[in-house]
$ cat structure-v5.txt   # compact mmCIF, C-alpha atoms
# COMPACT_ATOMS: atom_id res chain seq x y z
CA MET A 1 262.02 209.99 -16.03
CA SER A 2 262.48 207.45 -13.27
CA GLU A 3 260.23 207.27 -10.28
CA ASP A 4 263.07 208.33 -8.00
CA ASN A 5 263.84 211.42 -10.10
CA HIS A 6 260.17 212.40 -10.05
CA SER A 7 260.16 212.35 -6.26
CA LEU A 8 263.13 214.73 -6.23
CA LEU A 9 261.08 217.28 -8.15
CA SER A 10 258.02 216.98 -5.90
CA ASN A 11 257.15 219.14 -2.89
CA GLU A 12 259.12 216.70 -0.73
CA SER A 13 262.29 218.27 -2.10
CA LEU A 14 261.41 221.44 -0.21
CA VAL A 15 261.53 219.61 3.13
CA PRO A 16 264.93 219.44 4.85
CA ALA A 17 266.56 216.01 4.56
CA LYS A 18 266.60 215.45 8.33
CA ALA A 19 262.83 216.00 8.60
CA VAL A 20 262.17 213.45 5.85
CA THR A 21 264.41 210.91 7.51
CA LYS A 22 262.70 211.41 10.88
CA HIS A 23 259.24 211.07 9.33
CA ARG A 24 260.09 207.75 7.70
CA PHE A 25 261.80 206.54 10.87
CA VAL A 26 258.64 207.12 12.93
CA ARG A 27 256.33 205.58 10.34
CA SER A 28 258.16 202.26 10.04
CA PRO A 29 257.69 201.11 13.68
CA MET A 30 254.00 202.05 13.45
CA ILE A 31 253.59 199.87 10.36
CA ILE A 32 255.45 197.00 12.01
CA ALA A 33 253.30 197.31 15.15
CA ALA A 34 250.13 197.29 13.02
CA ILE A 35 251.28 194.17 11.19
CA ILE A 36 252.07 192.42 14.48
CA LEU A 37 248.64 193.39 15.86
CA ILE A 38 246.86 192.12 12.74
CA CYS A 39 248.81 188.83 12.84
CA SER A 40 248.00 188.42 16.53
CA VAL A 41 244.28 188.99 15.95
CA VAL A 42 244.24 186.59 13.01
CA GLY A 43 246.17 183.99 15.02
CA LEU A 44 243.82 184.25 17.99
CA THR A 45 240.80 184.05 15.69
CA ILE A 46 242.12 180.90 14.01
CA TRP A 47 242.89 179.36 17.42
CA GLY A 48 239.45 180.28 18.73
CA VAL A 49 237.71 178.79 15.70
CA PHE A 50 239.67 175.59 15.20
CA PHE A 51 241.68 174.82 18.35
CA ASN A 52 239.58 176.00 21.30
CA ASN A 53 239.32 172.84 23.40
CA THR A 54 238.26 174.38 26.69
CA ILE A 55 234.92 173.51 28.24
CA GLU A 56 234.95 176.51 30.58
CA ASN A 57 232.80 179.65 30.46
CA THR A 58 230.15 178.05 28.26
CA VAL A 59 226.66 176.84 29.13
CA TRP A 60 226.39 173.30 27.69
CA LEU A 61 222.77 172.51 26.94
CA LEU A 62 221.01 169.16 26.55
CA SER A 63 217.62 169.82 24.95
CA TYR A 64 214.87 167.27 24.45
CA GLN A 65 211.11 166.88 24.23
CA THR A 66 208.82 164.96 26.52
CA GLU A 67 205.02 164.86 26.33
CA GLY A 68 205.19 167.57 23.68
CA LYS A 69 207.11 169.99 25.93
CA GLU A 70 210.49 171.55 25.20
CA CYS A 71 212.82 170.54 28.03
CA SER A 72 216.48 171.02 28.87
CA ILE A 73 219.19 170.70 31.47
CA GLY A 74 222.59 172.39 31.41
CA PHE A 75 226.12 172.40 32.79
CA GLN A 76 228.55 175.26 33.15
CA MET A 77 232.21 174.90 34.14
CA GLU A 78 233.86 178.11 35.29
CA GLN A 79 237.35 179.31 36.13
CA GLY A 80 238.52 178.39 39.61
CA LYS A 81 237.03 174.88 39.26
CA SER A 82 233.51 175.99 40.14
CA CYS A 83 230.53 174.66 38.20
CA ARG A 84 226.78 174.94 37.86
CA PHE A 85 224.05 172.46 37.07
CA TYR A 86 220.80 173.82 35.63
CA ASN A 87 217.63 171.81 36.00
CA GLY A 88 214.82 174.04 34.88
CA GLY A 89 214.10 176.64 37.55
CA VAL A 90 216.71 175.18 39.91
CA MET A 91 220.42 175.98 39.64
CA TYR A 92 223.00 174.18 41.81
CA LYS A 93 226.50 175.49 42.47
CA GLY A 94 229.43 173.16 43.02
CA SER A 95 233.02 172.32 42.18
CA TYR A 96 234.57 170.09 39.54
CA GLU A 97 237.77 168.37 38.51
CA ALA A 98 238.93 167.30 35.06
CA LEU A 99 240.89 164.05 35.39
CA SER A 100 242.38 161.31 33.25
CA SER A 101 240.96 157.86 33.95
CA LEU A 102 242.89 154.58 34.03
CA ASN A 103 242.00 153.97 30.37
CA ASN A 104 243.27 157.46 29.42
CA LYS A 105 239.81 158.91 28.88
CA GLU A 106 239.12 162.45 30.06
CA MET A 107 236.76 162.48 33.02
CA LEU A 108 234.67 165.15 34.74
CA GLN A 109 233.82 164.82 38.43
CA MET A 110 231.30 167.31 39.81
CA ASN A 111 230.13 167.79 43.39
CA TYR A 112 227.10 169.87 44.30
CA THR A 113 225.74 170.94 47.67
CA MET A 114 222.39 172.22 48.87
CA TYR A 115 222.10 174.38 51.97
CA GLY A 116 225.71 173.48 52.75
CA GLU A 117 225.13 169.72 52.64
CA PRO A 118 226.26 167.28 49.90
CA ALA A 119 223.50 166.91 47.34
CA MET A 120 224.80 165.39 44.08
CA LYS A 121 227.98 163.78 42.83
CA MET A 122 228.29 163.33 39.06
CA SER A 123 230.93 161.57 36.97
CA TYR A 124 231.25 161.55 33.17
CA TYR A 125 233.73 160.72 30.48
CA TYR A 126 233.87 163.76 28.22
CA ARG A 127 235.26 164.93 24.92
CA LEU A 128 234.81 167.94 22.66
CA ASP A 129 233.83 167.58 19.00
CA GLY A 130 233.73 170.13 16.18
CA ASN A 131 234.75 173.77 16.16
CA SER A 132 233.14 177.22 16.08
CA LEU A 133 232.42 176.92 12.35
CA SER A 134 231.02 173.39 12.27
CA GLY A 135 229.51 173.67 15.77
CA ARG A 136 231.15 172.65 19.04
CA LYS A 137 229.67 169.70 20.95
CA LEU A 138 230.36 168.35 24.43
CA ILE A 139 229.96 164.57 24.55
CA LEU A 140 229.23 163.16 28.02
CA THR A 141 229.24 159.44 28.81
CA ASP A 142 227.17 158.95 31.97
CA LEU A 143 229.03 156.99 34.68
CA ASN A 144 226.47 157.62 37.42
CA GLU A 145 224.24 155.04 39.05
CA LYS A 146 221.24 157.23 38.25
CA SER A 147 220.98 159.05 34.95
CA ILE A 148 220.49 162.79 34.78
CA LEU A 149 217.31 162.03 32.82
CA ASP A 150 215.87 159.46 35.22
CA SER A 151 212.89 161.73 35.80
CA ALA A 152 212.17 162.04 32.07
CA GLU A 153 210.00 159.69 30.09
CA THR A 154 211.89 156.53 29.10
CA SER A 155 211.03 157.09 25.47
CA SER A 156 212.46 160.61 25.62
CA GLN A 157 215.66 159.36 27.19
CA LYS A 158 216.15 156.86 24.38
CA ILE A 159 215.68 159.65 21.85
CA VAL A 160 218.00 162.09 23.62
CA ALA A 161 220.80 159.69 24.51
CA ASP A 162 222.95 157.29 22.55
CA THR A 163 224.32 154.19 24.27
CA VAL A 164 227.72 152.53 24.38
CA GLU A 165 228.74 149.08 25.62
CA GLU A 166 231.85 148.74 27.78
CA ASN A 167 232.85 145.66 29.80
CA GLY A 168 229.36 144.24 29.43
CA LYS A 169 227.66 147.39 30.76
CA THR A 170 225.54 149.91 28.87
CA TYR A 171 226.17 153.63 29.35
CA TYR A 172 224.13 156.60 28.17
CA VAL A 173 225.95 159.13 25.97
CA TYR A 174 224.66 162.71 25.73
CA THR A 175 225.53 165.36 23.15
CA LEU A 176 225.35 168.91 24.52
CA SER A 177 225.44 172.15 22.51
CA PRO A 178 226.87 175.52 23.61
CA ALA A 179 224.53 178.33 24.62
CA GLU A 180 225.04 181.86 25.90
CA GLU A 181 222.72 181.24 28.86
CA TYR A 182 220.37 178.62 30.25
CA PRO A 183 216.71 179.14 29.23
CA VAL A 184 214.91 179.05 32.58
CA PRO A 185 211.31 177.83 32.09
CA TYR A 186 208.52 179.75 33.79
CA THR A 187 204.96 178.58 34.36
CA ALA A 188 202.67 181.49 35.20
CA LEU A 189 200.03 181.03 37.88
CA GLU A 190 196.46 181.57 36.78
CA HIS A 191 194.97 184.89 37.93
CA ALA A 192 198.28 185.83 39.60
CA LYS A 193 198.30 188.81 41.98
CA THR A 194 201.11 191.00 43.30
CA ASP A 195 201.39 192.80 46.63
CA SER A 196 203.21 196.13 46.25
CA LYS A 197 204.51 195.93 49.81
CA LEU A 198 206.06 192.52 49.10
CA LEU A 199 207.93 193.65 45.98
CA GLY A 200 211.71 193.89 46.18
CA ILE A 201 214.58 191.82 47.60
CA TRP A 202 214.46 190.46 51.15
CA LEU A 203 217.40 189.06 53.14
CA TYR A 204 217.39 186.29 55.78
CA LYS A 205 220.56 185.67 57.85
CA SER A 206 220.84 182.26 59.54
CA ASP A 207 222.92 181.46 62.61
CA ASP A 208 225.36 179.15 60.80
CA GLY A 209 225.32 180.96 57.45
CA ASN A 210 224.46 177.82 55.46
CA THR A 211 220.86 178.82 54.86
CA ASP A 212 221.35 182.55 54.37
CA ASN A 213 219.12 183.53 51.46
CA THR A 214 217.39 186.32 49.64
CA PHE A 215 213.81 186.14 48.39
CA ALA A 216 213.17 188.54 45.53
CA PHE A 217 209.63 189.29 44.34
CA TYR A 218 209.27 191.10 41.01
CA ASP A 219 206.31 192.98 39.62
CA ASN A 220 206.16 190.73 36.52
CA GLY A 221 205.02 187.78 38.66
CA THR A 222 208.39 186.04 38.92
CA TYR A 223 210.56 185.42 41.98
CA GLU A 224 214.16 184.44 42.73
CA LEU A 225 215.08 182.53 45.90
CA THR A 226 218.87 182.62 46.21
CA TYR A 227 221.02 180.57 48.60
CA ARG A 228 224.81 180.34 48.65
CA ASP A 229 224.80 177.06 46.71
CA CYS A 230 221.45 176.92 44.90
CA VAL A 231 218.92 179.23 43.27
CA PHE A 232 215.21 178.75 42.60
CA LYS A 233 213.38 180.74 39.93
CA GLY A 234 209.71 180.61 39.08
CA CYS A 235 206.37 182.38 39.27
CA TYR A 236 204.29 183.50 42.25
CA SER A 237 201.01 185.04 43.28
CA ALA A 238 200.55 186.99 46.53
CA GLU A 239 197.23 188.04 48.05
CA ASN A 240 195.69 188.31 51.51
CA GLY A 241 198.82 187.14 53.35
CA GLU A 242 199.30 184.03 51.20
CA ILE A 243 202.02 183.37 48.62
CA ASP A 244 201.66 180.61 46.04
CA PHE A 245 204.84 179.97 44.08
CA ASN A 246 206.28 177.34 41.77
CA PHE A 247 209.35 176.27 39.85
CA THR A 248 209.46 174.18 36.69
CA LEU A 249 212.04 171.40 36.42
CA GLY A 250 214.03 170.68 33.28
CA ASN A 251 211.66 167.83 32.39
CA GLY A 252 208.64 170.15 32.50
CA ILE A 253 207.27 169.01 35.88
CA VAL A 254 205.94 171.97 37.91
CA ASN A 255 206.47 171.99 41.69
CA THR A 256 204.20 174.26 43.73
CA LYS A 257 204.28 175.51 47.31
CA ALA A 258 202.29 177.91 49.49
CA ILE A 259 203.43 179.95 52.49
CA SER A 260 201.81 182.69 54.54
CA TYR A 261 203.40 186.07 55.10
CA SER A 262 202.99 189.16 57.23
CA PHE A 263 204.89 192.31 58.14
CA ASP A 264 206.33 193.61 61.41
CA GLU A 265 206.92 197.23 60.45
CA ASP A 266 209.77 196.95 57.86
CA ILE A 267 210.38 193.24 58.49
CA LEU A 268 208.87 190.56 56.22
CA ILE A 269 207.83 187.39 58.08
CA LEU A 270 207.48 184.20 56.05
CA ASN A 271 205.90 181.19 57.74
CA ASN A 272 207.78 178.37 56.04
CA ASP A 273 206.67 175.00 57.49
CA VAL A 274 205.05 176.94 60.34
CA ILE A 275 208.46 178.33 61.39
CA PRO A 276 208.46 182.15 61.12
CA THR A 277 211.46 183.50 59.22
CA ARG A 278 212.30 187.19 59.42
CA TYR A 279 213.57 189.03 56.36
CA GLU A 280 214.90 192.58 56.05
CA LYS A 281 214.94 194.65 52.87
CA THR A 282 218.15 194.67 50.83
CA ASP A 283 219.30 195.72 47.36
CA ARG A 284 221.16 192.64 46.02
CA VAL A 285 220.18 188.99 45.55
CA ASP A 286 223.65 188.00 46.80
CA ALA A 287 223.58 190.34 49.80
CA PHE A 288 224.60 187.50 52.15
CA ASP A 289 228.04 187.33 50.52
CA ASN A 290 229.33 190.35 52.41
CA GLY A 291 231.55 188.70 54.99
CA MET A 292 228.76 187.67 57.37
CA LYS A 293 229.77 184.01 57.18

$ encode --input "structure-v5.txt" --output "structure tokens"
Amino acid sequence: MSEDNHSLLSNESLVPAKAVTKHRFVRSPMIIAAIILICSVVGLTIWGVFFNNTIENTVWLLSYQTEGKECSIGFQMEQGKSCRFYNGGVMYKGSYEALSSLNNKEMLQMNYTMYGEPAMKMSYYYRLDGNSLSGRKLILTDLNEKSILDSAETSSQKIVADTVEENGKTYYVYTLSPAEEYPVPYTALEHAKTDSKLLGIWLYKSDDGNTDNTFAFYDNGTYELTYRDCVFKGCYSAENGEIDFNFTLGNGIVNTKAISYSFDEDILILNNDVIPTRYEKTDRVDAFDNGMK
């Protein structure tokens, strides 16, 4: 008996012909839609693995060792042409452009500010190597007068960077790897103390808006000092009206500072360089971005 004749003797033969036709008619578009969805997912996966040539939305990390310490700096290009430069416990915000140079090489130009004033301008040739399977790499050829590793040991720089000769001039070439986030280094203060009244996030509003900031003190001994265009992260100790705090640079160097503090009812007063600065309690580290400027 043929397969078709068998189906005529099955329970399907008890179903009216119109119902069977309708059932098959509905099923076919669903199968087609599923096939299209699967093909789309597979196509996007293949593109993402082998043909993703964007440098955006990734933290690009340059890791190295100096004096036995693990060190790193990082770059992050974001949508809208904004960018970030990570140097240990300091993060700078800026803008960037991807251009083609006269010799048809792809070039990155980055501009960073600090407290609203120009701070750093960086230029690099760049190219992407590899893929998600073999490992993506961002290759930067340093076109700046001062290298991003000028503050590192010379021996470390020679280990971290390759060099290339062009028109009689030597350029450093860095190979950066992708990371989900930048590993901020923290250096705990010895015998650190916390003041329960100081804990939380405090907001300072400046007259011109350029130096608006929040100073967050956490109960684990870390702090976060956030401006519009830069952020400092590190460790602190607070006791008897004195705050000692630090931040560790990407090359492992620890910078320390001390300020005195007091309270005027619910207002925190920080004496930074002998100038009293008044802070009010808030709930967000970016509380100054609420239309005040």

$ closest_residue --input "structure-v5.txt" --among "A:Gly200, A:Gly89, A:Tyr115, A:Leu143" --to "Ser101 of chain A" --atoms "all atoms listed in the file"
A:Leu143

$ atom_distance --input "structure-v5.txt" --atom1 "atom CA of Cys230 of chain A" --atom2 "atom CA of Met91 of chain A"
5.4 Å

$ atom_distance --input "structure-v5.txt" --atom1 "atom CA of Phe85 of chain A" --atom2 "atom CA of Thr256 of chain A"
21.0 Å

$ residues_near_point --input "structure-v5.txt" --point "(198.5, 181.9, 53.0)" --cutoff "10 Å" --atoms "all atoms listed in the file" --output "PyMOL selection string"
chain A and resi 238-244+258-262+270-271

$ write_last_selection --input "structure-v5.txt" --atoms "C-alpha atoms" --output "PDB file, in the coordinates of the input"
ATOM      1  CA  ALA A 238     200.550 186.990  46.530  1.00  0.00           C
ATOM      2  CA  GLU A 239     197.230 188.040  48.050  1.00  0.00           C
ATOM      3  CA  ASN A 240     195.690 188.310  51.510  1.00  0.00           C
ATOM      4  CA  GLY A 241     198.820 187.140  53.350  1.00  0.00           C
ATOM      5  CA  GLU A 242     199.300 184.030  51.200  1.00  0.00           C
ATOM      6  CA  ILE A 243     202.020 183.370  48.620  1.00  0.00           C
ATOM      7  CA  ASP A 244     201.660 180.610  46.040  1.00  0.00           C
ATOM      8  CA  ALA A 258     202.290 177.910  49.490  1.00  0.00           C
ATOM      9  CA  ILE A 259     203.430 179.950  52.490  1.00  0.00           C
ATOM     10  CA  SER A 260     201.810 182.690  54.540  1.00  0.00           C
ATOM     11  CA  TYR A 261     203.400 186.070  55.100  1.00  0.00           C
ATOM     12  CA  SER A 262     202.990 189.160  57.230  1.00  0.00           C
ATOM     13  CA  LEU A 270     207.480 184.200  56.050  1.00  0.00           C
ATOM     14  CA  ASN A 271     205.900 181.190  57.740  1.00  0.00           C
TER      15      ASN A 271
END

$ residues_around --input "structure-v5.txt" --residues "Ala188 of chain A" --least-positions-apart "2" --cutoff "8 Å" --atoms "only C-alpha atoms" --output "VMD selection string"
chain A and resid 186 190 192 221 235 to 236

$ closest_residue --input "structure-v5.txt" --among "A:Ser72, A:Ser147, A:Asn104, A:Thr54" --to "Val90 of chain A" --atoms "all atoms listed in the file"
A:Ser72

$ decode --input "structure-v5.txt" --residues "segment 222-258 of chain A" --atoms "N, CA and C atoms" --output "mmCIF file, in the first residue's frame"
data_model
loop_
_atom_site.group_PDB
_atom_site.id
_atom_site.type_symbol
_atom_site.label_atom_id
_atom_site.label_comp_id
_atom_site.auth_asym_id
_atom_site.auth_seq_id
_atom_site.Cartn_x
_atom_site.Cartn_y
_atom_site.Cartn_z
ATOM 1 N N THR A 222 36.452 52.585 49.204
ATOM 2 C CA THR A 222 36.726 53.168 47.902
ATOM 3 C C THR A 222 35.887 54.427 47.710
ATOM 4 N N TYR A 223 36.318 55.274 46.788
ATOM 5 C CA TYR A 223 35.580 56.500 46.471
ATOM 6 C C TYR A 223 35.486 56.648 44.959
ATOM 7 N N GLU A 224 34.632 57.573 44.522
ATOM 8 C CA GLU A 224 34.460 57.887 43.111
ATOM 9 C C GLU A 224 34.197 59.389 42.995
ATOM 10 N N LEU A 225 35.136 60.104 42.392
ATOM 11 C CA LEU A 225 35.013 61.542 42.190
ATOM 12 C C LEU A 225 34.701 61.763 40.711
ATOM 13 N N THR A 226 33.468 62.205 40.414
ATOM 14 C CA THR A 226 32.974 62.234 39.045
ATOM 15 C C THR A 226 32.711 63.664 38.579
ATOM 16 N N TYR A 227 33.434 64.068 37.523
ATOM 17 C CA TYR A 227 33.175 65.325 36.824
ATOM 18 C C TYR A 227 32.485 65.016 35.504
ATOM 19 N N ARG A 228 32.105 66.064 34.774
ATOM 20 C CA ARG A 228 31.460 65.855 33.482
ATOM 21 C C ARG A 228 32.385 65.145 32.497
ATOM 22 N N ASP A 229 33.679 65.446 32.559
ATOM 23 C CA ASP A 229 34.593 64.926 31.539
ATOM 24 C C ASP A 229 35.716 64.071 32.081
ATOM 25 N N CYS A 230 35.725 63.766 33.366
ATOM 26 C CA CYS A 230 36.736 62.866 33.927
ATOM 27 C C CYS A 230 36.235 62.273 35.234
ATOM 28 N N VAL A 231 36.759 61.108 35.562
ATOM 29 C CA VAL A 231 36.361 60.387 36.771
ATOM 30 C C VAL A 231 37.611 59.856 37.459
ATOM 31 N N PHE A 232 37.670 60.013 38.771
ATOM 32 C CA PHE A 232 38.757 59.471 39.577
ATOM 33 C C PHE A 232 38.188 58.386 40.483
ATOM 34 N N LYS A 233 38.899 57.245 40.550
ATOM 35 C CA LYS A 233 38.503 56.166 41.434
ATOM 36 C C LYS A 233 39.719 55.694 42.220
ATOM 37 N N GLY A 234 39.506 55.436 43.491
ATOM 38 C CA GLY A 234 40.615 54.983 44.319
ATOM 39 C C GLY A 234 40.144 54.597 45.706
ATOM 40 N N CYS A 235 41.046 54.678 46.663
ATOM 41 C CA CYS A 235 40.759 54.296 48.045
ATOM 42 C C CYS A 235 40.904 55.515 48.959
ATOM 43 N N TYR A 236 40.235 55.469 50.104
ATOM 44 C CA TYR A 236 40.288 56.599 51.033
ATOM 45 C C TYR A 236 40.255 56.097 52.470
ATOM 46 N N SER A 237 40.595 57.007 53.370
ATOM 47 C CA SER A 237 40.444 56.782 54.798
ATOM 48 C C SER A 237 39.999 58.102 55.422
ATOM 49 N N ALA A 238 38.964 58.064 56.242
ATOM 50 C CA ALA A 238 38.413 59.288 56.845
ATOM 51 C C ALA A 238 38.333 59.132 58.366
ATOM 52 N N GLU A 239 38.913 60.115 59.054
ATOM 53 C CA GLU A 239 38.902 60.075 60.521
ATOM 54 C C GLU A 239 39.250 61.450 61.063
ATOM 55 N N ASN A 240 38.507 61.872 62.093
ATOM 56 C CA ASN A 240 38.798 63.132 62.781
ATOM 57 C C ASN A 240 38.868 64.324 61.832
ATOM 58 N N GLY A 241 37.940 64.402 60.883
ATOM 59 C CA GLY A 241 37.863 65.557 59.992
ATOM 60 C C GLY A 241 38.930 65.601 58.918
ATOM 61 N N GLU A 242 39.611 64.485 58.672
ATOM 62 C CA GLU A 242 40.656 64.427 57.654
ATOM 63 C C GLU A 242 40.402 63.247 56.719
ATOM 64 N N ILE A 243 40.489 63.515 55.405
ATOM 65 C CA ILE A 243 40.336 62.452 54.415
ATOM 66 C C ILE A 243 41.655 62.278 53.671
ATOM 67 N N ASP A 244 42.192 61.091 53.695
ATOM 68 C CA ASP A 244 43.333 60.726 52.860
ATOM 69 C C ASP A 244 42.792 59.858 51.722
ATOM 70 N N PHE A 245 43.119 60.207 50.484
ATOM 71 C CA PHE A 245 42.645 59.391 49.375
ATOM 72 C C PHE A 245 43.706 59.307 48.294
ATOM 73 N N ASN A 246 43.586 58.299 47.441
ATOM 74 C CA ASN A 246 44.590 58.078 46.399
ATOM 75 C C ASN A 246 43.926 57.607 45.116
ATOM 76 N N PHE A 247 44.693 57.590 44.043
ATOM 77 C CA PHE A 247 44.311 56.894 42.828
ATOM 78 C C PHE A 247 45.586 56.340 42.206
ATOM 79 N N THR A 248 45.466 55.179 41.599
ATOM 80 C CA THR A 248 46.613 54.473 41.034
ATOM 81 C C THR A 248 46.580 54.599 39.519
ATOM 82 N N LEU A 249 47.661 55.118 38.933
ATOM 83 C CA LEU A 249 47.726 55.276 37.487
ATOM 84 C C LEU A 249 47.937 53.931 36.797
ATOM 85 N N GLY A 250 47.774 53.941 35.474
ATOM 86 C CA GLY A 250 47.922 52.710 34.718
ATOM 87 C C GLY A 250 49.299 52.097 34.818
ATOM 88 N N ASN A 251 50.325 52.921 35.118
ATOM 89 C CA ASN A 251 51.689 52.395 35.240
ATOM 90 C C ASN A 251 52.024 51.973 36.669
ATOM 91 N N GLY A 252 51.025 51.981 37.545
ATOM 92 C CA GLY A 252 51.225 51.512 38.913
ATOM 93 C C GLY A 252 51.607 52.587 39.906
ATOM 94 N N ILE A 253 51.871 53.818 39.450
ATOM 95 C CA ILE A 253 52.228 54.905 40.358
ATOM 96 C C ILE A 253 50.996 55.346 41.137
ATOM 97 N N VAL A 254 51.131 55.496 42.460
ATOM 98 C CA VAL A 254 50.021 55.869 43.327
ATOM 99 C C VAL A 254 50.139 57.352 43.688
ATOM 100 N N ASN A 255 49.098 58.119 43.392
ATOM 101 C CA ASN A 255 49.023 59.525 43.771
ATOM 102 C C ASN A 255 48.141 59.660 45.002
ATOM 103 N N THR A 256 48.609 60.432 45.978
ATOM 104 C CA THR A 256 47.859 60.587 47.227
ATOM 105 C C THR A 256 47.561 62.059 47.492
ATOM 106 N N LYS A 257 46.487 62.303 48.244
ATOM 107 C CA LYS A 257 46.083 63.659 48.578
ATOM 108 C C LYS A 257 45.339 63.623 49.906
ATOM 109 N N ALA A 258 45.358 64.743 50.609
ATOM 110 C CA ALA A 258 44.648 64.844 51.884
ATOM 111 C C ALA A 258 43.852 66.148 51.906
#
